[in-house]
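In what follows, a single structure is set out as structure tokens and then discussed.
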Amino acid sequence: MSTHTDTTPETTRDSYKAIKNAGDDTSLRRKVAATIAMSPSTTSELSSKFDHSSNALRPRVNELIRMGCVQRSGKRTNPSGHEAYIHHITPKGERYLRNEINPEPAPTLSELQADVVDIAREVCSGCVPMEQLEQVVKTHDSAKLRRDPEWSPPQLLTDNSGELTADEIEQIKNDPVLDIEDFQ
């Protein structure tokens, strides 16, 4: 027997659309930041303090991380028995809560990965220099590391010569999604 009602979000996307359409996303983001400032929390712990599901709160936490207002540090076990990151407010987050600044969230990892794919294709076609690809990979990797402190960046995107190999060029041209791990 299902407990789903017409008002229960089925997915993260449904929750996000409901919050966004109601115009509650930015005010909820500030409320989440204030709650984290009072008591560093996991996403599961945050959802117990709000009338929203984790699916509605997780995007707000991720936005705060991309804004530099919240960072992940340490883990603790959530009610489901899984380890979860503990979110802490940063000095920038404190300034955000005092309305001294209002930063925009940085691009998502998906957007940064799409930039890597686009530039890699341009490098393969000879339109842009390899240095430009190296820069977007560094931007992606530093954002990934800020959001997931346990992540380790790949060793190298290229072989020892600093040039893409013929196999790498062919793979980039033919693969709709570039996965950096393929070049380790």
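Numbering starts fresh at 1 for the residues of each chain in the structure tokens, the chains themselves are lettered A, B, ... in the order given, and ligands are numbered from 1 as they appear.
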Q.
When you look at segment 84-90 of chain A with a cut-off of 8 Å (counting only C-alpha atoms), what residues show up, excluding the ones that are within fewer than 4 positions of it in the same chain? I need them as a list in words.
A.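 Neighbouring residues, sequence-local ones excluded: Ala33, Ile36, Ala37, Ser39, Pro40, Ser41, Thr42, Thr43, Gly68, Cys69, Val70, Gln71, Arg72, Ser73, Gly74, Lys75, Arg76, Thr77, Asn78 and Glu94 of chain A.
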(Q) Please list as a PyMOL selection string every residue within 10 Å of Arg147 of chain A, counting only C-alpha atoms and excluding residues in the same chain fewer than 3 positions away. (A) chain A and resi 62+65-66+68+70-72+109+141-144+150-151
Q: Step one, run DSSP on the backbone; step two, keep only residues of segment 27-162 of chain A assigned to helix (DSSP H, G or I); then write them as a PyMOL selection string.
A: chain A and resi 27-38+43-49+54-67+91-97+109-124+130-147
Q.
Using Å and a single decimal, report how far atom CA of Ile101 of chain A sits from atom CA of Val137 of chain A.
A.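 Those two atoms sit 28.4 Å apart.
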List the spatial neighbours of segment 130-136 of chain A as a PDB file with C-alpha atoms, in the first residue's frame - criterion: any atom at most 7 Å away, only C-alpha atoms, same-chain residues fewer than 4 positions off excluded.
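This is the output file around-v8.pdb:
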ATOM      1  CA  ASP A 115      32.645  22.844 -19.980  1.00  0.00           C
ATOM      2  CA  VAL A 116      35.436  20.245 -19.856  1.00  0.00           C
ATOM      3  CA  ILE A 119      36.800  22.518 -24.454  1.00  0.00           C
ATOM      4  CA  ALA A 120      38.207  19.006 -24.946  1.00  0.00           C
ATOM      5  CA  VAL A 123      41.270  21.082 -28.359  1.00  0.00           C
ATOM      6  CA  HIS A 140      36.241  21.366 -12.219  1.00  0.00           C
TER       7      HIS A 140
END
